[in-house]
Structure formats: structure tokens, C-alpha cells
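Listing of query_27.txt; format and content: compact mmCIF, C-alpha atoms.
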# COMPACT_ATOMS: atom_id res chain seq x y z
CA MET A 262 56.80 59.48 79.06
CA TYR A 263 54.26 61.09 81.36
CA ALA A 264 53.93 64.47 83.04
CA LEU A 265 53.03 65.05 86.68
CA LYS A 266 51.22 68.32 87.33
CA ASN A 267 48.99 70.20 89.76
CA MET A 268 51.05 69.49 92.86
CA PHE A 269 53.45 70.87 95.42
CA ILE A 270 57.02 69.61 94.98
CA LEU A 271 59.24 68.88 98.00
CA ASN A 272 62.57 68.02 96.41
CA GLY A 273 64.32 66.39 99.39
CA HIS A 274 67.08 68.98 99.74
CA ALA A 275 67.92 70.46 103.13
CA ASP A 276 66.18 73.74 102.30
CA MET A 277 63.13 72.19 100.64
CA GLN A 278 59.90 74.14 100.58
CA PRO A 279 56.71 73.37 98.63
CA VAL A 280 56.99 74.54 95.03
CA LYS A 281 53.84 74.96 92.96
CA GLY A 282 53.24 75.52 89.27
CA MET A 283 55.93 73.17 88.01
CA ALA A 284 55.53 69.90 86.14
CA ILE A 285 57.78 66.85 86.21
CA LEU A 286 58.39 64.90 83.03
CA VAL A 287 59.14 61.23 83.71
CA SER A 288 60.73 59.14 80.98
CA GLY A 289 62.72 55.91 81.02
CA GLY A 290 62.21 55.58 84.75
CA LYS A 291 63.87 58.94 85.48
CA PHE A 292 62.95 62.53 86.20
CA GLU A 293 63.73 63.90 82.74
CA LYS A 294 62.76 67.55 83.19
CA ILE A 295 61.21 69.85 85.74
CA ILE A 296 59.45 72.64 83.84
CA PRO A 297 56.63 75.17 84.24
CA GLU A 298 53.27 73.46 83.73
CA ARG A 299 52.51 75.66 80.73
CA GLU A 300 55.51 74.11 78.93
CA ILE A 301 54.30 70.51 79.04
CA PRO A 302 54.76 69.19 75.48
CA GLU A 303 51.68 68.31 73.50
CA GLY A 304 50.74 64.66 73.34
CA VAL A 305 52.35 63.74 76.67
CA GLU A 306 50.23 61.72 79.10
CA ILE A 307 49.12 63.98 81.94
CA ARG A 308 48.88 62.68 85.50
CA ASP A 309 47.05 65.28 87.57
CA LEU A 310 47.96 65.02 91.26
CA GLN A 311 45.08 67.30 92.28
CA GLY A 312 46.99 69.57 94.61
CA ALA A 313 48.83 66.82 96.51
CA TYR A 314 52.44 66.87 97.67
CA ILE A 315 55.14 64.91 95.84
CA LEU A 316 58.46 64.10 97.49
CA PRO A 317 61.28 61.59 97.10
CA GLY A 318 60.55 58.06 98.24
CA LEU A 319 61.75 57.33 101.76
CA ILE A 320 65.01 55.44 102.25
CA ASN A 321 65.31 53.02 105.17
CA LEU A 322 68.97 52.37 105.98
CA HIS A 323 68.51 49.50 108.43
CA VAL A 324 66.23 46.60 107.55
CA HIS A 325 66.25 42.85 108.07
CA ILE A 326 63.98 41.64 105.29
CA PRO A 327 63.19 38.17 106.71
CA GLY A 328 61.74 39.60 109.94
CA SER A 329 58.15 40.83 110.02
CA GLY A 330 58.13 42.81 113.27
CA LYS A 331 55.36 40.65 114.68
CA PRO A 332 55.66 40.62 118.49
CA LYS A 333 56.29 37.38 120.27
CA LYS A 334 57.10 36.35 123.79
CA GLY A 335 60.49 34.94 124.65
CA ARG A 336 63.72 34.99 122.70
CA THR A 337 64.43 33.54 119.29
CA ASP A 338 66.15 30.17 119.09
CA TYR A 339 68.75 30.89 116.41
CA ASN A 340 70.03 27.31 116.37
CA LYS A 341 66.55 26.14 115.44
CA ILE A 342 66.40 28.64 112.57
CA ALA A 343 69.75 27.46 111.20
CA ALA A 344 68.62 23.84 111.38
CA LEU A 345 65.36 24.52 109.56
CA LEU A 346 67.12 26.29 106.70
CA LYS A 347 68.61 22.98 105.68
CA TYR A 348 65.24 22.04 104.20
CA ALA A 349 64.33 23.21 100.68
CA LEU A 350 60.67 23.67 101.66
CA VAL A 351 61.64 26.02 104.49
CA ARG A 352 63.96 27.98 102.21
CA GLY A 353 61.12 28.35 99.72
CA VAL A 354 58.83 29.74 102.41
CA VAL A 355 61.52 32.17 103.61
CA GLY A 356 62.07 33.38 100.05
CA LYS A 357 58.38 34.11 99.56
CA MET A 358 58.24 35.83 102.95
CA CYS A 359 61.16 38.08 102.04
CA GLU A 360 59.49 39.01 98.77
CA SER A 361 56.25 39.89 100.57
CA ASN A 362 58.03 41.89 103.28
CA ALA A 363 59.98 43.95 100.74
CA LYS A 364 56.77 44.68 98.89
CA GLN A 365 55.26 46.12 102.07
CA GLU A 366 58.18 48.54 102.29
CA LEU A 367 57.42 49.85 98.81
CA LEU A 368 53.66 50.05 99.31
CA SER A 369 54.23 52.14 102.44
CA GLY A 370 56.29 54.74 100.56
CA THR A 371 59.81 53.43 101.19
CA THR A 372 61.40 53.11 97.75
CA THR A 373 64.91 52.08 98.87
CA ILE A 374 65.99 49.78 101.66
CA ARG A 375 69.42 48.84 102.94
CA ALA A 376 69.25 45.21 104.06
CA VAL A 377 71.93 44.78 106.73
CA GLY A 378 71.66 41.11 107.61
CA GLY A 379 69.60 38.51 105.83
CA VAL A 380 69.31 34.79 105.25
CA MET A 381 71.55 33.04 102.72
CA GLU A 382 71.39 34.90 99.37
CA PHE A 383 67.72 35.82 99.49
CA ASP A 384 68.34 39.57 99.67
CA THR A 385 70.59 39.85 96.63
CA LYS A 386 68.42 37.46 94.62
CA LEU A 387 65.36 39.52 95.49
CA ARG A 388 67.24 42.73 94.60
CA ASP A 389 68.03 41.33 91.16
CA LYS A 390 64.51 40.01 90.65
CA ILE A 391 63.07 43.46 91.36
CA LEU A 392 65.56 45.17 89.05
CA ALA A 393 64.63 42.71 86.30
CA GLY A 394 60.96 43.66 86.72
CA LYS A 395 59.97 40.13 87.77
CA THR A 396 58.43 41.20 91.07
CA LEU A 397 57.31 44.36 92.85
CA GLY A 398 59.58 45.88 95.46
CA PRO A 399 61.90 48.73 96.40
CA ARG A 400 65.49 49.27 95.37
CA ILE A 401 67.54 47.03 97.67
CA LEU A 402 71.11 47.45 98.88
CA ALA A 403 71.90 44.03 100.31
CA ALA A 404 74.52 42.58 102.60
CA ASN A 405 73.11 39.04 102.72
CA TYR A 406 74.51 37.36 105.86
CA ALA A 407 76.27 39.56 108.38
CA VAL A 408 79.60 38.53 109.89
CA SER A 409 79.51 37.62 113.59
CA VAL A 410 81.26 35.29 116.04
CA PRO A 411 80.17 32.17 117.94
CA GLY A 412 77.60 33.36 120.47
CA GLY A 413 77.58 36.77 118.80
CA HIS A 414 74.65 38.93 117.82
CA MET A 415 72.17 37.13 115.51
CA THR A 416 74.55 34.23 114.86
CA GLY A 417 72.51 31.42 113.35
CA SER A 418 69.79 33.62 111.87
CA VAL A 419 71.05 36.57 109.81
CA ALA A 420 74.73 36.27 110.69
CA LEU A 421 77.49 33.65 110.31
CA PRO A 422 80.31 33.14 112.83
CA VAL A 423 84.05 33.43 112.30
CA ASN A 424 86.75 32.24 114.72
CA SER A 425 89.83 34.19 113.67
CA PRO A 426 90.99 37.17 111.61
CA GLU A 427 91.81 34.74 108.81
CA GLU A 428 88.29 33.34 108.88
CA ALA A 429 86.92 36.89 108.89
CA VAL A 430 88.78 37.58 105.63
CA GLN A 431 87.58 34.28 104.18
CA MET A 432 84.01 35.09 105.15
CA VAL A 433 84.18 38.47 103.38
CA ASP A 434 85.55 36.71 100.31
CA THR A 435 82.76 34.14 100.46
CA LEU A 436 80.09 36.82 100.86
CA SER A 437 81.57 38.83 97.99
CA LYS A 438 80.79 35.94 95.64
CA THR A 439 77.08 36.50 96.36
CA LYS A 440 77.47 40.03 94.94
CA PRO A 441 76.34 42.08 97.95
CA ASP A 442 76.30 45.87 98.05
CA LEU A 443 77.97 46.14 101.47
CA ILE A 444 79.42 44.07 104.32
CA LYS A 445 77.83 44.02 107.78
CA LEU A 446 79.73 43.23 110.99
CA MET A 447 78.17 42.39 114.35
CA ILE A 448 80.52 44.04 116.85
CA THR A 449 78.48 43.96 120.09
CA GLY A 450 75.56 42.05 121.47
CA GLY A 451 72.04 43.44 121.43
CA ILE A 452 69.09 43.99 123.73
CA LEU A 453 67.44 40.66 123.07
CA ASP A 454 70.54 38.52 123.53
CA ALA A 455 71.94 40.22 126.64
CA GLU A 456 72.57 38.06 129.68
CA GLU A 457 73.08 40.89 132.15
CA SER A 458 72.14 44.53 132.54
CA GLY A 459 74.21 47.32 131.03
CA GLU A 460 75.52 48.22 127.60
CA PRO A 461 75.68 45.24 125.22
CA PRO A 462 79.12 43.63 125.59
CA MET A 463 81.79 43.39 122.94
CA LYS A 464 81.54 40.20 120.92
CA MET A 465 83.87 40.57 117.95
CA PRO A 466 87.59 41.01 118.76
CA GLU A 467 89.22 44.08 117.26
CA GLU A 468 91.62 42.08 115.09
CA TYR A 469 88.60 40.42 113.44
CA ILE A 470 87.05 43.82 112.78
CA LYS A 471 90.21 45.16 111.17
CA ALA A 472 90.76 42.06 109.04
CA ALA A 473 87.18 42.05 107.76
CA SER A 474 87.05 45.81 107.18
CA ASP A 475 90.37 45.90 105.35
CA ARG A 476 89.38 43.05 103.08
CA ALA A 477 85.94 44.54 102.41
CA HIS A 478 87.49 47.87 101.46
CA GLN A 479 90.00 46.13 99.18
CA LEU A 480 87.02 44.61 97.38
CA GLY A 481 85.23 47.95 97.15
CA PHE A 482 82.56 47.41 99.81
CA HIS A 483 81.43 49.79 102.53
CA VAL A 484 81.30 48.29 106.01
CA ALA A 485 78.35 48.73 108.37
CA ALA A 486 78.84 47.80 112.02
CA HIS A 487 76.25 46.82 114.60
CA ALA A 488 77.57 48.63 117.69
CA GLU A 489 75.39 49.38 120.70
CA SER A 490 77.98 50.54 123.23
CA THR A 491 80.77 53.04 123.71
CA GLN A 492 83.38 50.28 123.57
CA GLY A 493 81.80 48.80 120.46
CA MET A 494 81.76 52.11 118.61
CA LYS A 495 85.38 52.79 119.55
CA ALA A 496 86.53 49.36 118.35
CA ALA A 497 84.56 49.65 115.13
CA LEU A 498 85.78 53.15 114.28
CA GLU A 499 89.40 52.39 115.19
CA ASN A 500 89.33 49.51 112.76
CA GLY A 501 87.87 51.20 109.74
CA VAL A 502 84.09 50.75 109.53
CA ASP A 503 82.09 53.26 107.50
CA THR A 504 78.84 53.40 109.45
CA ILE A 505 77.90 52.78 113.05
CA GLU A 506 74.47 51.18 113.23
CA HIS A 507 72.48 52.11 116.37
CA GLY A 508 75.17 53.75 118.53
CA GLY A 509 75.98 54.04 122.22
CA GLU A 510 77.07 56.60 124.78
CA PRO A 511 79.34 59.02 122.88
CA THR A 512 82.69 60.32 124.11
CA ASP A 513 84.97 63.07 122.81
CA GLU A 514 87.34 60.39 121.51
CA ILE A 515 84.57 58.68 119.55
CA ILE A 516 83.38 61.96 118.09
CA GLY A 517 86.93 62.61 116.94
CA MET A 518 87.06 59.19 115.30
CA PHE A 519 83.80 59.81 113.46
CA LYS A 520 85.26 63.02 112.07
CA LYS A 521 88.66 61.57 111.21
CA ASN A 522 87.14 58.58 109.41
CA LYS A 523 84.30 60.56 107.84
CA ALA A 524 82.03 57.86 109.20
CA ALA A 525 78.28 58.19 109.64
CA LEU A 526 75.84 57.13 112.34
CA VAL A 527 72.64 55.31 111.43
CA ASN A 528 70.16 56.12 114.17
CA THR A 529 67.47 53.52 114.93
CA LEU A 530 65.20 54.56 117.77
CA SER A 531 62.24 52.41 116.71
CA PRO A 532 63.32 49.09 118.27
CA THR A 533 63.79 50.71 121.68
CA ILE A 534 60.35 52.37 121.71
CA PRO A 535 58.46 49.30 123.00
CA PHE A 536 60.83 49.12 125.98
CA VAL A 537 60.54 52.83 126.77
CA MET A 538 56.97 53.71 125.83
CA MET A 539 54.94 50.50 126.26
CA ASP A 540 53.81 48.70 129.37
CA GLN A 541 55.63 45.48 130.17
CA SER A 542 52.29 43.68 130.38
CA VAL A 543 51.80 44.50 126.69
CA THR A 544 55.25 43.65 125.38
CA GLY A 545 55.72 40.57 127.56
CA THR A 546 59.45 41.28 127.82
CA SER A 547 61.62 40.44 130.80
CA ASP A 548 62.79 42.92 133.43
CA LEU A 549 66.31 42.58 132.04
CA ASP A 550 65.28 43.38 128.48
CA MET A 551 63.16 46.33 129.61
CA LYS A 552 66.04 47.77 131.60
CA ASN A 553 68.53 47.34 128.77
CA GLY A 554 66.07 48.68 126.21
CA LYS A 555 65.64 51.90 128.16
CA LEU A 556 69.39 52.23 128.58
CA LEU A 557 69.97 51.79 124.85
CA PHE A 558 67.27 54.32 123.98
CA GLU A 559 68.99 56.96 126.07
CA SER A 560 72.48 56.20 124.77
CA MET A 561 71.39 56.11 121.10
CA LYS A 562 69.50 59.36 121.55
CA LYS A 563 72.53 61.04 123.14
CA CYS A 564 74.78 59.72 120.38
CA ALA A 565 72.55 61.08 117.63
CA ILE A 566 72.18 64.48 119.29
CA ARG A 567 75.92 64.80 119.91
CA CYS A 568 76.75 63.77 116.35
CA LEU A 569 74.31 66.33 114.99
CA GLN A 570 75.87 69.04 117.17
CA GLU A 571 79.33 68.09 115.93
CA GLY A 572 78.41 68.08 112.25
CA ILE A 573 78.66 64.31 111.88
CA THR A 574 76.31 62.77 109.33
CA VAL A 575 73.36 60.96 110.90
CA GLY A 576 71.03 58.73 108.92
CA LEU A 577 67.83 56.90 109.79
CA GLY A 578 66.69 53.30 109.80
CA THR A 579 64.06 51.29 111.61
CA ASP A 580 65.77 47.95 112.37
CA THR A 581 62.68 46.29 110.96
CA GLY A 582 62.31 42.73 112.12
CA CYS A 583 62.57 43.60 115.81
CA PRO A 584 59.31 43.20 117.79
CA TYR A 585 56.73 45.88 116.88
CA ILE A 586 58.93 47.23 114.05
CA THR A 587 57.11 46.56 110.80
CA HIS A 588 57.98 46.94 107.14
CA TYR A 589 55.49 49.79 106.68
CA ASP A 590 56.41 52.18 109.49
CA MET A 591 59.47 54.15 108.36
CA TRP A 592 57.38 57.29 108.79
CA ARG A 593 57.28 56.70 112.54
CA GLU A 594 61.09 56.80 112.73
CA LEU A 595 60.99 60.35 111.35
CA ILE A 596 58.59 61.39 114.09
CA TYR A 597 60.77 59.82 116.79
CA TYR A 598 63.74 61.69 115.34
CA VAL A 599 61.89 64.98 115.63
CA LYS A 600 60.47 64.37 119.09
CA PHE A 601 63.48 62.80 120.78
CA CYS A 602 66.47 64.31 118.94
CA GLY A 603 65.12 67.83 118.44
CA VAL A 604 65.37 68.13 114.66
CA THR A 605 62.77 69.83 112.47
CA GLU A 606 60.29 68.02 110.26
CA GLN A 607 62.15 69.47 107.28
CA PHE A 608 65.46 68.04 108.44
CA ALA A 609 63.94 64.65 109.28
CA LEU A 610 62.46 64.43 105.79
CA HIS A 611 65.74 65.51 104.22
CA THR A 612 67.53 62.86 106.28
CA ALA A 613 65.16 60.08 105.24
CA THR A 614 65.63 60.95 101.57
CA LEU A 615 68.71 62.69 100.17
CA LEU A 616 70.95 62.38 103.24
CA ASN A 617 70.22 58.66 103.59
CA ALA A 618 70.95 58.25 99.88
CA ASP A 619 74.30 59.96 100.39
CA ILE A 620 75.21 57.66 103.30
CA ALA A 621 74.28 54.66 101.17
CA GLY A 622 76.40 55.95 98.28
CA ILE A 623 73.49 56.30 95.86
CA SER A 624 72.72 60.02 95.95
CA ASP A 625 73.58 60.28 92.27
CA GLU A 626 70.74 57.82 91.57
CA THR A 627 67.97 58.66 94.02
CA GLY A 628 67.05 60.57 97.17
CA SER A 629 65.78 63.80 95.64
CA ILE A 630 63.53 65.09 92.90
CA ASP A 631 66.16 66.31 90.48
CA GLU A 632 66.56 65.92 86.74
CA GLY A 633 68.38 62.76 85.78
CA LYS A 634 67.61 60.83 88.95
CA SER A 635 65.43 57.75 89.26
CA ALA A 636 61.73 58.57 89.47
CA ASP A 637 61.37 57.26 93.03
CA PHE A 638 58.69 59.28 94.76
CA ILE A 639 55.62 59.30 96.96
CA VAL A 640 52.49 61.40 96.77
CA VAL A 641 50.70 62.44 99.95
CA HIS A 642 47.57 64.49 100.56
CA LYS A 643 48.97 66.90 103.18
CA ASN A 644 52.21 68.81 103.71
CA PRO A 645 54.60 66.52 105.65
CA LEU A 646 56.68 69.54 106.66
CA GLU A 647 53.74 70.50 108.85
CA ASP A 648 52.68 67.01 109.92
CA LEU A 649 54.80 63.92 109.30
CA THR A 650 51.79 61.64 109.78
CA ALA A 651 50.91 62.72 106.23
CA LEU A 652 53.40 60.02 105.19
CA ARG A 653 51.37 57.26 106.79
CA ASN A 654 49.02 56.54 103.88
CA PRO A 655 50.51 57.66 100.56
CA ALA A 656 48.13 58.37 97.69
CA ALA A 657 50.71 56.97 95.28
CA VAL A 658 54.23 55.57 95.26
CA SER A 659 56.72 55.13 92.44
CA VAL A 660 60.02 53.33 92.05
CA PHE A 661 61.93 53.48 88.77
CA GLY A 662 59.03 55.56 87.41
CA ASN A 663 56.43 52.82 87.90
CA MET A 664 53.52 54.43 89.72
CA ILE A 665 51.21 52.56 92.08
CA TYR A 666 48.05 54.42 93.02
CA ASP A 667 46.43 53.98 96.44
CA PRO A 668 49.04 51.50 97.71
CA LYS A 669 47.89 49.40 100.64
CA PRO A 670 50.49 47.42 102.60
CA LYS A 671 49.32 44.53 104.75
CA LYS A 672 49.18 45.86 108.29
CA MET A 673 49.07 44.39 111.78
CA PRO A 674 46.14 46.05 113.60
CA LYS A 675 47.29 45.05 117.10
CA VAL A 676 50.78 46.41 116.48
CA ASP A 677 49.39 49.62 114.98
CA LYS A 678 47.13 50.09 118.00
CA GLU A 679 49.99 49.94 120.47
CA LEU A 680 52.28 52.12 118.36
CA ASP A 681 49.50 54.66 117.92
CA HIS A 682 49.19 54.88 121.70
CA VAL A 683 52.87 55.78 121.71
CA LEU A 684 52.37 58.30 118.91
CA ASN A 685 49.49 60.00 120.70
CA SER A 686 51.59 60.34 123.85
CA ILE A 687 54.46 62.14 122.13
CA VAL A 688 52.79 64.23 119.40
Any chance you could put this one into C-alpha cells?
Amino acid sequence: MYALKNMFILNGHADMQPVKGMAILVSGGKFEKIIPEREIPEGVEIRDLQGAYILPGLINLHVHIPGSGKPKKGRTDYNKIAALLKYALVRGVVGKMCESNAKQELLSGTTTIRAVGGVMEFDTKLRDKILAGKTLGPRILAANYAVSVPGGHMTGSVALPVNSPEEAVQMVDTLSKTKPDLIKLMITGGILDAEESGEPPMKMPEEYIKAASDRAHQLGFHVAAHAESTQGMKAALENGVDTIEHGGEPTDEIIGMFKKNKAALVNTLSPTIPFVMMDQSVTGTSDLDMKNGKLLFESMKKCAIRCLQEGITVGLGTDTGCPYITHYDMWRELIYYVKFCGVTEQFALHTATLLNADIAGISDETGSIDEGKSADFIVVHKNPLEDLTALRNPAAVSVFGNMIYDPKPKKMPKVDKELDHVLNSIV
């Protein structure tokens, strides 16, 4: 057991405000008690936070662990990736890379990630390795491979194709044997695999979506759906998915479906930022990708704003693995949410903690500083309710009660430089 004292507590709830004069007793990896500092029991180890701010660890709802976010020119050859994974040496390298990438998430202050498309069984194996204390990393909710179609989004890298509703059911059954936490479906295309301008086209037929969703729900899994268009959202919601990842241009009908299904939107502005806020000479992207990236930014923004206005739950993720989207920049997504969707810093922080935990189905375990919950927290020097950049360099981070002081993720200076130009232009 240890006691945290001399700090301001931000508990992660919607009405959070800094609370001073209280101590937090941590025991068995959980927040055991929150008591006045004068009531700290004798003999307990004291950890003095010297007037810093303590808040729940951030939760990133949309991550692809194998991707680093390192920019590159041209499009990925997914067939080449699939071919290389046949070799044990390559699989070993990918496993080590995933372990390193997940560690960067934790060291940056993100204590829970939702991995919505990975390679083979690396994500669930890494999840279990972390839980067993064999390596350092965040809590992971893993899907392993996503379900796609031939020529569909990410097929050959973090998704496997199916050719019929029957195969969709079989794929869910196969994935369930790897003990995932959720099932991911790739409903539409994406920016970087588009062949023409406009909203990403439908890829997965509706009967596939229904078959996969129904089977996943029978097995007790939530279903997350990659959908970057109006048509994609409609098809996904009509056929039973639980979360729309990214989003598209909203309509009254789609808003009604969100409400009827009690579905949530996971907003991911980060991957569109390079297309909207960076010069094409820097990103090296094609005219087509730039045009589609700007279109998606506007449609996702409109979708998030409309959902917020209608009382639909909106969560946050970064889509880490896309160019310029690193494993240590969840804090930037909060700033984009404030600047482009009009929420307050308080609401953005609540979203990235307790609300994200609720969407992920783990709010009884983590997401807030409350007695009985896992001691997942970060310590920062300044009040993030006044300036979210306070989250950039945590003084300490903890998952399952295991504190790391002065955590330092491995960063990409060139990426940081370009993203900081963006930050300076919007703050």
C-alpha cells in the first residue's frame, strides 16, 4: 500500500474540478480509499506529488498497435505484408514492434487502448503478457484481425477477407478462438485506399454485416465498425453494430438509428489533420488523397457535433498507425476535439477517461479516480482543464497501481515538428 498526497485530484467525472487536501490510498493495484490527508494511516509509504495534478489515465479507443505513425510516401502494399508474415523471423520482429509501440502508449499517459485491427494474435497475446506482469504496457482491449472483404479496407494487413455471410460467421467463430475483447468490421473503404474522389465507398455487403454482428453478439462481443460515409454508417447501424468508428455526413435517419440502437460514435480527427493542416509538399500525398482527407475531416467533424447536440455518446481515438499519428499523441486528439467540435477542456478530458471507459464497457474497472477502481492514473505539472498541453509530458503514469516516474516515450522529432506547427496554428 502507498498513499498519494499533496496534489489536486481531477476524478474524470463530467463535473470534475481540482480537489485539494485529499489523499489516495493505493493497495492491490486499486484505489482503496480517498481520505483527508490528515487521516493517512501511520506506517503507510507516502508519495508526495508536490502540488501536481492527478487524473485518470487516458483511454484511446482506436489504435492499430502494429503501425508506428511514421510518415511514408506512397501507399502500403498489403499483399506484400501478408506474404512476409509467412516467415517466423518477420513475425518475431512484428511481435517485438507491437510490444514497443504499446509501451509508448503507456509512457505517454494512455493507460488503456482499444486495438481495433491487428496482425494475427499479437494483440491478445500482448494483452495477456501485460496482465501477467511479463512486460510493460497499458490495459489492452483487442480485436486481433478485423473482418473485411476482398479488396476491402486494410485487407492483407490488419484485416482478413470473407466472401459470403456464411464466411463472415465462420470468421467471427475463428476470431473468437483467439479470445478477443471485441469484433471489428471494415464496412467502407478509407482515405488511403480510395480510387476516386468522394466519400469512401461501401465495401462490405449488408448481409455480411448482419451475419457477423449477429454471431458476434451471440458470442458476447461488441462490434466496432469502420464506416467513413453516410451509406456506411446507415448499413452498419441497420445491421446491429455497437460503435461507428470515424463517421461520415450525418442524416436525421442515422441520428435516429444511433438513438434506437444506443450506439456510440468514436471520433478520430487525428488522421485527417495532415490532409487539412499540412502542406502537400510536406506530406507527399496525392491530390486525390488530399481532397478525400479534407472531405472526411469535414464529415467526421459534422457527425461528432451533431451527435453531441442530439445526446449521442461520442468517444475519442487517434487511429494510431496512420501517417503522422503516433503512439504517444492521444493528448493532441483532445485538443482537436476542443478546437474543431466546440467542447470544453473539461468535457474532452471526461470523454478521454470515464466516457471512453463506458463505451469500451470497462467503466466499472477504470476511467475515473474512484474507490475500488484500478489505479490507472497520470500526474501532470499543470491544470489540464486550463491547458490540455499539460498532458504532453506526464510527471508520472500508473497502470494497475504500478507507478513510473518521469516516463519518456520514444518520439519522432520530425513528426512532432510538423504536428506542433499545426498545434500553434489552432491554439
Tell me which residues come within 8 Å of (82.4, 52.2, 109.4), as a PDB file with C-alpha atoms, in the frame of the given file, counting all atoms listed in the file in the file's coordinates.
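That gives us result.pdb:
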ATOM      1  CA  HIS A 483      81.430  49.790 102.530  1.00  0.00           C
ATOM      2  CA  VAL A 484      81.300  48.290 106.010  1.00  0.00           C
ATOM      3  CA  ALA A 485      78.350  48.730 108.370  1.00  0.00           C
ATOM      4  CA  ALA A 486      78.840  47.800 112.020  1.00  0.00           C
ATOM      5  CA  ALA A 497      84.560  49.650 115.130  1.00  0.00           C
ATOM      6  CA  LEU A 498      85.780  53.150 114.280  1.00  0.00           C
ATOM      7  CA  GLY A 501      87.870  51.200 109.740  1.00  0.00           C
ATOM      8  CA  VAL A 502      84.090  50.750 109.530  1.00  0.00           C
ATOM      9  CA  ASP A 503      82.090  53.260 107.500  1.00  0.00           C
ATOM     10  CA  THR A 504      78.840  53.400 109.450  1.00  0.00           C
ATOM     11  CA  ILE A 505      77.900  52.780 113.050  1.00  0.00           C
ATOM     12  CA  ASN A 522      87.140  58.580 109.410  1.00  0.00           C
ATOM     13  CA  ALA A 524      82.030  57.860 109.200  1.00  0.00           C
ATOM     14  CA  ALA A 525      78.280  58.190 109.640  1.00  0.00           C
TER      15      ALA A 525
END
Quiz item: Which one is closest to Pro426 of chain A: A:Val408, A:Ala621, A:Met518, A:Val660? Count all atoms listed in the file.
Solution: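 Ranked by minimum distance to Pro426 of chain A, first place goes to A:Val408.
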Could you produce a table of the residues of segment 275-370 of chain A lying within 9 Å of segment 573-591 of chain A, with the nearest pair of atoms per residue and their separation in Å rounded to one decimal, using only C-alpha atoms, ordered by chain and increasing residue number, as CSV?
residue,atom,partner,partner_atom,distance
A:Leu319,CA,A:Met591,CA,7.7
A:Ile320,CA,A:Gly578,CA,8.0
A:Asn321,CA,A:Gly578,CA,4.8
A:Leu322,CA,A:Gly578,CA,4.5
A:His323,CA,A:Gly578,CA,4.4
A:Val324,CA,A:Thr581,CA,4.9
A:His325,CA,A:Gly582,CA,5.7
A:Ile326,CA,A:Gly582,CA,7.1
A:Pro327,CA,A:Gly582,CA,7.1
A:Gly328,CA,A:Gly582,CA,3.9
A:Ser329,CA,A:Gly582,CA,5.0
A:Gly330,CA,A:Gly582,CA,4.3
A:Lys331,CA,A:Pro584,CA,5.6
A:Pro332,CA,A:Pro584,CA,4.5
A:Lys333,CA,A:Pro584,CA,7.0
A:Asn362,CA,A:His588,CA,6.4
A:Ala363,CA,A:His588,CA,7.3
A:Lys364,CA,A:His588,CA,8.6
A:Gln365,CA,A:His588,CA,5.8
A:Glu366,CA,A:His588,CA,5.1
A:Leu367,CA,A:Tyr589,CA,8.1
A:Leu368,CA,A:Tyr589,CA,7.6
A:Ser369,CA,A:Tyr589,CA,5.0
A:Gly370,CA,A:Tyr589,CA,7.9
Using only C-alpha atoms, find each residue of segment 379-424 of chain A with at least one atom at most 10 Å away from an atom of segment 463-476 of chain A; report its shortest atom-to-atom pair and that distance in Å (one decimal), sort the rows by chain and rising residue number, and return the result as a tab-separated table.
residue	atom	partner	partner_atom	distance
A:Val408	CA	A:Ala473	CA	8.6
A:Ser409	CA	A:Met465	CA	6.8
A:Val410	CA	A:Met465	CA	6.2
A:Pro411	CA	A:Lys464	CA	8.7
A:Gly412	CA	A:Lys464	CA	7.9
A:Gly413	CA	A:Lys464	CA	5.7
A:His414	CA	A:Lys464	CA	7.7
A:Pro422	CA	A:Met465	CA	9.7
A:Val423	CA	A:Tyr469	CA	8.4
A:Asn424	CA	A:Tyr469	CA	8.5
Self-check item: All residues 6 Å or closer to segment 277-294 of chain A, all atoms listed in the file, same chain fewer than 3 positions away omitted, as a list of chain:residue names
Solution: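 So the residues in contact are A:Met262, A:Tyr263, A:Ala264, A:Leu265, A:Lys266, A:Phe269, A:Ile270, A:Leu271, A:Asn272, A:His274, A:Pro297, A:Glu298, A:Glu632, A:Gly633, A:Lys634, A:Ser635, A:Ala636, A:Phe661, A:Gly662.
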Exercise. Determine the nearest neighbour of Thr605 of chain A from the options A:Glu428, A:Glu571, A:Asp619, A:Glu647, counting all atoms listed in the file.
Key: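 Counting all atoms listed in the file, the residue closest to Thr605 of chain A is A:Glu647.
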Practice problem: Tell me, in Å to one decimal, how far atom CA of Ile315 of chain A is from atom CA of Ile391 of chain A. | Solution: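 Those two atoms sit 23.3 Å apart.
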Self-check item: A:Ile444, A:Thr371, A:Cys602, A:His507 ranked by distance to Arg653 of chain A, top pick (using all atoms listed in the file)
Solution: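 Between A:Ile444, A:Thr371, A:Cys602, A:His507, the residue approaching Arg653 of chain A most closely is A:Thr371.
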Go ahead and find all residues with at least one atom no further than 6 Å from (47.2, 53.8, 99.1) in the file's coordinates, using all atoms listed in the file; report them as an mmCIF file with C-alpha atoms, in the coordinates of the input.
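Once everything was written out, this is point_12.cif:
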data_model
loop_
_atom_site.group_PDB
_atom_site.id
_atom_site.type_symbol
_atom_site.label_atom_id
_atom_site.label_comp_id
_atom_site.auth_asym_id
_atom_site.auth_seq_id
_atom_site.Cartn_x
_atom_site.Cartn_y
_atom_site.Cartn_z
ATOM 1 C CA ASN A 654 49.020 56.540 103.880
ATOM 2 C CA PRO A 655 50.510 57.660 100.560
ATOM 3 C CA ALA A 656 48.130 58.370 97.690
ATOM 4 C CA ASP A 667 46.430 53.980 96.440
ATOM 5 C CA PRO A 668 49.040 51.500 97.710
ATOM 6 C CA LYS A 669 47.890 49.400 100.640
#
Self-check item: Separation of atom CA of Leu346 of chain A from atom CA of Ala407 of chain A in Å
Solution: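 Here the two named atoms are 16.2 Å from each other.
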Practice problem: Could you check which of A:Arg593, A:His487, A:Lys386, A:His478 is closest to Asp677 of chain A, using all atoms listed in the file? | Solution: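 Among A:Arg593, A:His487, A:Lys386, A:His478, it is A:Arg593 that comes nearest to Asp677 of chain A.
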Quiz item: How many Å separate atom CA of Asn553 of chain A from atom CA of Ile596 of chain A?
Solution: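 Distance between the two atoms: 22.6 Å.
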Self-check item: Counting only C-alpha atoms, the option among A:Gln570, A:Val433, A:Asp540, A:Thr373 closest to Glu626 of chain A
Solution: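 Smallest distance to Glu626 of chain A is found for A:Thr373.
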Exercise. Quick one: everything within 12 Å of Gly545 of chain A, counting all atoms listed in the file, minus sequence neighbours fewer than 3 positions away in the same chain. Send it as a list in words.
Key: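 Near neighbours after the sequence-gap exclusion: Pro332, Lys333, Lys334, Gly335, Arg336, Pro535, Phe536, Met539, Asp540, Gln541, Ser542, Asp548, Leu549, Asp550, Met551, Pro584 and Tyr585 of chain A.
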Quiz item: Which is closest to Asp442 of chain A among A:Ala429, A:Ile374, A:Ala609, A:Val604, if we use only C-alpha atoms?
Solution: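 Closest to Asp442 of chain A of all the choices is A:Ile374.
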